[in-house]
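Worksheet: one structure, shown below.
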Amino acid sequence: MQGGSNGIGYGLKYQARCIADVKADTDHTSFLTGTLSLKEENEVHLIRISSAGTELLCEGLFSHPNEIWDLASCPFDQRIFSTVFSSGETYGAAIWQIPELYGQSNSPQLERIASLDAHNSKIKCTLWWPTGRHDKLVSIDEQNLFLWSFDTSKKNAQVQSQESAGVLHSLTGGAWDPHDYNALALTSESSVQLWDLRTMKKTNSIDHPHVRNLDYNVKREYTLVTAEDESGIHIWDLRMLKFPVLDLPGHTHWTWTVKCNPEYEDLILSAGTDSAVNLWLASPPSSDEPTSESFDSPNKPVDPLLNSYSDYEDSVYGLAWSCREPWIFASLSYDGRVVVESTKPHLPRK
């Protein structure tokens, strides 16, 4: 199904790539996003949906010293987040805290409470412990995986363990398994690597090149979703990695990112360089479920594409589901346009 946007929009001043749900904010549906300007002073925007649900409000606007390539919100403190940033050829990563009285200041300053400064290669992303109040986070560069211990009271982060992926593997990102907190999936140019944080060793791999992004299905154990340049979206059962259990066509150009819904099983968002966001309902076959189950008719298969949001003028790099209202998502296109949509009109009825 093709469709334009009926969502509510918000414009950043500069180009941007990353947006994150503020999971720890249980009172508001809010998102953090950061800009990617080479010449101007970059910004982090804290935006919230109004109480009427009709507009996006800027609750905080903060200066950030460098181009922001990755942004992740702390799962237990809504004022804390991490960024990966660059200045020329130099990359860094840090943990920041929003000032407590940010609503009363015209130009509040972010506090850098910890620097993730052990990297010698180009940093790609940071990952927070998936849920609850926990002091661990991970950072990934092109060659290495770091596990950090973060102390909020002392405002510092220390490397707990580190391991190299090897010079033949150029890491590009990763995701933390919400069902097994010792497990990570890392993307590289040639494969997806599965790692165990207890041993800091690779336990398995999926030999698929050009995987841009991946995410774990929060509601279905052993399920990993990958987005690939040309071959679309693959859904994998981690217990049998030889072939994907389900394929989705993806996008007409590169499929850049995928996000599994935090509450609705098998509901997936994808975005790409074709300036579109696709909403999928993709149930992989299993031994204890019918393989052709349909919400409308038990006799015909369901089209997995619920809707395609095509009202964008640039590539869409950022996607974030709201954990507080899981039928809502935010998208971010490279031209700095944030759009928040409700998927309720497209959700099938059982």
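Letters for chains follow the order of the structure tokens (A, B, ...), residue numbers begin at 1 for each chain, and ligand numbers begin at 1 in the order shown.
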**Item:** Filtered DSSP result for region 109-220 of chain A, state strand (DSSP E), as JSON, numbers by chain
**Value:** {"A": [111, 112, 113, 114, 115, 123, 124, 125, 126, 127, 128, 136, 137, 138, 139, 140, 141, 144, 145, 146, 147, 148, 149, 150, 151, 156, 157, 158, 159, 160, 161, 162, 163, 164, 171, 172, 173, 174, 175, 176, 183, 184, 185, 186, 187, 188, 192, 193, 194, 195, 196, 201, 202, 203, 204, 205, 206, 211, 212, 213, 214, 215, 216]}
**Prompt:** So which residues touch region 91-102 of chain A within 7 Å, counting only C-alpha atoms, skipping near sequence neighbours fewer than 5 positions away, as a list in words?
**Reply:**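 Those residues are Gly60, Arg79, Ile80, Phe81, Ser82, Thr83, Val84, Phe85, Ser86, Pro108, Gln109, Leu110, Glu111, Arg112, Ile113, Ala114, Ser115, Leu116, Asp117, Lys122 and Ile123 of chain A.
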Could you save those same residues with N, CA, C and O atoms as a PDB file, in the first residue's frame?
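This is the output file selection13.pdb:
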ATOM      1  N   GLY A  60      13.958  21.352  24.291  1.00  0.00           N
ATOM      2  CA  GLY A  60      15.333  21.713  24.600  1.00  0.00           C
ATOM      3  C   GLY A  60      16.163  21.764  23.333  1.00  0.00           C
ATOM      4  O   GLY A  60      16.016  20.915  22.455  1.00  0.00           O
ATOM      5  N   ARG A  79      17.772  12.351  30.962  1.00  0.00           N
ATOM      6  CA  ARG A  79      18.667  13.486  30.706  1.00  0.00           C
ATOM      7  C   ARG A  79      20.040  13.058  30.200  1.00  0.00           C
ATOM      8  O   ARG A  79      20.882  13.901  29.911  1.00  0.00           O
ATOM      9  N   ILE A  80      20.276  11.747  30.082  1.00  0.00           N
ATOM     10  CA  ILE A  80      21.581  11.251  29.669  1.00  0.00           C
ATOM     11  C   ILE A  80      21.480  10.597  28.291  1.00  0.00           C
ATOM     12  O   ILE A  80      20.542   9.861  28.015  1.00  0.00           O
ATOM     13  N   PHE A  81      22.467  10.863  27.436  1.00  0.00           N
ATOM     14  CA  PHE A  81      22.520  10.227  26.121  1.00  0.00           C
ATOM     15  C   PHE A  81      23.976  10.175  25.670  1.00  0.00           C
ATOM     16  O   PHE A  81      24.857  10.830  26.247  1.00  0.00           O
ATOM     17  N   SER A  82      24.238   9.387  24.645  1.00  0.00           N
ATOM     18  CA  SER A  82      25.593   9.276  24.096  1.00  0.00           C
ATOM     19  C   SER A  82      25.567   9.682  22.632  1.00  0.00           C
ATOM     20  O   SER A  82      24.557   9.535  21.949  1.00  0.00           O
ATOM     21  N   THR A  83      26.708  10.180  22.162  1.00  0.00           N
ATOM     22  CA  THR A  83      26.850  10.508  20.742  1.00  0.00           C
ATOM     23  C   THR A  83      28.195   9.991  20.224  1.00  0.00           C
ATOM     24  O   THR A  83      29.166   9.875  20.971  1.00  0.00           O
ATOM     25  N   VAL A  84      28.201   9.678  18.936  1.00  0.00           N
ATOM     26  CA  VAL A  84      29.441   9.497  18.184  1.00  0.00           C
ATOM     27  C   VAL A  84      29.540  10.702  17.261  1.00  0.00           C
ATOM     28  O   VAL A  84      28.580  11.061  16.581  1.00  0.00           O
ATOM     29  N   PHE A  85      30.717  11.322  17.229  1.00  0.00           N
ATOM     30  CA  PHE A  85      30.848  12.586  16.498  1.00  0.00           C
ATOM     31  C   PHE A  85      32.187  12.630  15.773  1.00  0.00           C
ATOM     32  O   PHE A  85      33.103  11.848  16.052  1.00  0.00           O
ATOM     33  N   SER A  86      32.284  13.555  14.847  1.00  0.00           N
ATOM     34  CA  SER A  86      33.524  13.695  14.094  1.00  0.00           C
ATOM     35  C   SER A  86      33.866  15.164  13.916  1.00  0.00           C
ATOM     36  O   SER A  86      33.000  16.040  13.894  1.00  0.00           O
ATOM     37  N   PRO A 108      21.272  26.641  27.028  1.00  0.00           N
ATOM     38  CA  PRO A 108      21.856  25.724  28.009  1.00  0.00           C
ATOM     39  C   PRO A 108      22.978  24.902  27.403  1.00  0.00           C
ATOM     40  O   PRO A 108      22.976  24.583  26.217  1.00  0.00           O
ATOM     41  N   GLN A 109      23.933  24.580  28.223  1.00  0.00           N
ATOM     42  CA  GLN A 109      25.087  23.816  27.779  1.00  0.00           C
ATOM     43  C   GLN A 109      24.957  22.361  28.224  1.00  0.00           C
ATOM     44  O   GLN A 109      24.621  22.076  29.373  1.00  0.00           O
ATOM     45  N   LEU A 110      25.238  21.451  27.296  1.00  0.00           N
ATOM     46  CA  LEU A 110      25.312  20.047  27.662  1.00  0.00           C
ATOM     47  C   LEU A 110      26.555  19.813  28.514  1.00  0.00           C
ATOM     48  O   LEU A 110      27.596  20.435  28.295  1.00  0.00           O
ATOM     49  N   GLU A 111      26.448  18.919  29.479  1.00  0.00           N
ATOM     50  CA  GLU A 111      27.602  18.549  30.281  1.00  0.00           C
ATOM     51  C   GLU A 111      28.163  17.226  29.770  1.00  0.00           C
ATOM     52  O   GLU A 111      27.451  16.219  29.727  1.00  0.00           O
ATOM     53  N   ARG A 112      29.424  17.218  29.379  1.00  0.00           N
ATOM     54  CA  ARG A 112      30.080  15.983  28.962  1.00  0.00           C
ATOM     55  C   ARG A 112      30.498  15.251  30.240  1.00  0.00           C
ATOM     56  O   ARG A 112      31.454  15.643  30.909  1.00  0.00           O
ATOM     57  N   ILE A 113      29.794  14.171  30.568  1.00  0.00           N
ATOM     58  CA  ILE A 113      30.058  13.505  31.844  1.00  0.00           C
ATOM     59  C   ILE A 113      31.008  12.327  31.705  1.00  0.00           C
ATOM     60  O   ILE A 113      31.517  11.814  32.707  1.00  0.00           O
ATOM     61  N   ALA A 114      31.269  11.876  30.482  1.00  0.00           N
ATOM     62  CA  ALA A 114      32.267  10.824  30.282  1.00  0.00           C
ATOM     63  C   ALA A 114      32.669  10.804  28.816  1.00  0.00           C
ATOM     64  O   ALA A 114      31.834  10.999  27.928  1.00  0.00           O
ATOM     65  N   SER A 115      33.948  10.567  28.560  1.00  0.00           N
ATOM     66  CA  SER A 115      34.456  10.403  27.206  1.00  0.00           C
ATOM     67  C   SER A 115      34.825   8.943  26.988  1.00  0.00           C
ATOM     68  O   SER A 115      35.506   8.340  27.820  1.00  0.00           O
ATOM     69  N   LEU A 116      34.365   8.396  25.877  1.00  0.00           N
ATOM     70  CA  LEU A 116      34.706   7.017  25.510  1.00  0.00           C
ATOM     71  C   LEU A 116      35.928   7.092  24.603  1.00  0.00           C
ATOM     72  O   LEU A 116      35.842   6.954  23.386  1.00  0.00           O
ATOM     73  N   ASP A 117      37.071   7.325  25.220  1.00  0.00           N
ATOM     74  CA  ASP A 117      38.253   7.768  24.491  1.00  0.00           C
ATOM     75  C   ASP A 117      39.313   6.687  24.319  1.00  0.00           C
ATOM     76  O   ASP A 117      40.485   7.000  24.098  1.00  0.00           O
ATOM     77  N   LYS A 122      37.985   4.431  13.663  1.00  0.00           N
ATOM     78  CA  LYS A 122      36.768   5.225  13.444  1.00  0.00           C
ATOM     79  C   LYS A 122      35.591   4.613  14.191  1.00  0.00           C
ATOM     80  O   LYS A 122      35.185   3.481  13.927  1.00  0.00           O
ATOM     81  N   ILE A 123      35.029   5.357  15.143  1.00  0.00           N
ATOM     82  CA  ILE A 123      33.928   4.860  15.974  1.00  0.00           C
ATOM     83  C   ILE A 123      32.635   4.867  15.157  1.00  0.00           C
ATOM     84  O   ILE A 123      32.354   5.813  14.416  1.00  0.00           O
TER      85      ILE A 123
END
So which residues touch Lys136 (chain A) within 10 Å, counting only C-alpha atoms, skipping near sequence neighbours fewer than 3 positions away, as a JSON list (two decimals) with C-alpha atoms, in the first residue's frame?
[["chain", "number", "residue", "atom", "x", "y", "z"],
["A", 127, "LEU", "CA", 24.79, 0.65, 22.58],
["A", 128, "TRP", "CA", 23.23, 0.95, 26.02],
["A", 129, "TRP", "CA", 22.30, -2.09, 28.12],
["A", 130, "PRO", "CA", 18.87, -2.94, 26.68],
["A", 133, "ARG", "CA", 19.14, 0.66, 35.36],
["A", 147, "LEU", "CA", 32.48, -2.98, 26.96],
["A", 148, "TRP", "CA", 32.34, -0.02, 29.34],
["A", 149, "SER", "CA", 31.31, 0.39, 32.97],
["A", 150, "PHE", "CA", 29.62, 3.75, 33.45],
["A", 151, "ASP", "CA", 29.30, 5.37, 36.89],
["A", 157, "ALA", "CA", 33.35, 5.48, 32.15],
["A", 158, "GLN", "CA", 36.01, 2.78, 32.26],
["A", 159, "VAL", "CA", 36.81, 0.02, 29.81],
["A", 160, "GLN", "CA", 35.81, -3.31, 31.32]]
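Near Asp25 (chain A), within 9 Å and counting only C-alpha atoms, sit Pro75, Phe76, Asp77, Gln78, Arg79 and Arg324 of chain A; same-chain residues fewer than 6 positions away were not included.
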Let me see the file: selected residues, C-alpha atoms, as a tab-separated table (two decimals), in the first residue's frame.
chain	number	residue	atom	x	y	z
A	75	PRO	CA	17.37	3.71	29.10
A	76	PHE	CA	17.19	4.72	32.77
A	77	ASP	CA	17.82	8.49	32.83
A	78	GLN	CA	16.03	10.75	30.37
A	79	ARG	CA	18.67	13.49	30.71
A	324	ARG	CA	5.73	4.76	25.64
**Prompt:** Counting only C-alpha atoms, what is within 6 Å of Trp280 (chain A), bar same-chain residues fewer than 4 positions away, as an MDAnalysis selection string?
**Reply:** chainID A and resid 267:268 304:306
**Asked** Which polymer residues have any atom within 7 Å of an atom of His210 (chain A), counting only C-alpha atoms, with same-chain residues fewer than 3 positions away left out, as a ChimeraX atom specification?
**Response** /A:189-190,228-229
Next, dump the selected residues to file, keeping only C-alpha atoms, as a short mmCIF file (atom, residue, chain, number, x, y, z; two decimals), in the first residue's frame.
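out26.cif, written as the output of this step:
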data_model
loop_
_atom_site.label_atom_id
_atom_site.label_comp_id
_atom_site.auth_asym_id
_atom_site.auth_seq_id
_atom_site.Cartn_x
_atom_site.Cartn_y
_atom_site.Cartn_z
CA GLU A 189 31.26 -5.33 5.32
CA SER A 190 31.13 -9.08 4.71
CA GLU A 228 20.92 -4.95 3.11
CA ASP A 229 21.94 -2.69 0.25
#
**Asked** If we count only C-alpha atoms, what is near region 327-330 of chain A at a cut-off of 12 Å, once residues fewer than 4 positions away on the same chain are taken out, given as JSON, numbers by chain?
**Response** {"A": [5, 7, 8, 9, 10, 18, 19, 20, 21, 22, 29, 30, 31, 32, 33, 47, 48, 49, 53, 56, 259, 260, 261, 262, 263, 264, 265, 267, 268, 269, 270, 271, 277, 278, 279, 309, 316, 317, 318, 319, 320, 321, 322, 323, 337, 338, 339, 340, 341, 342, 343, 344, 345, 346, 347]}
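Taking CA of Asp237 (chain A) and CA of Cys74 (chain A) as endpoints, the distance between them is 28.4 Å.
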**Asked** To one decimal place, how far is CA of His169 (chain A) from CA of Trp195 (chain A) in Å?
**Response**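 Separation between CA of His169 (chain A) and CA of Trp195 (chain A): 13.8 Å.
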**Request:** Using CA of Val138 (chain A) and CA of Thr126 (chain A) as the two end points, give the distance in Å to one decimal.
**Result:**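 That distance, rounded to one decimal, is 5.5 Å.
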**Request:** Compare A:Thr26, A:Ser308, A:Asn182, A:Asn120 by their minimum atom-to-atom distance to His251 (chain A), counting only C-alpha atoms, and give me the closest one.
**Result:**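 For His251 (chain A), the nearest of the candidates is A:Ser308.
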**Using only C-alpha atoms: which of A:Ala52, A:Ile68, A:Leu238, A:Leu38 has the shortest distance to Leu224 (chain A)** = A:Leu238
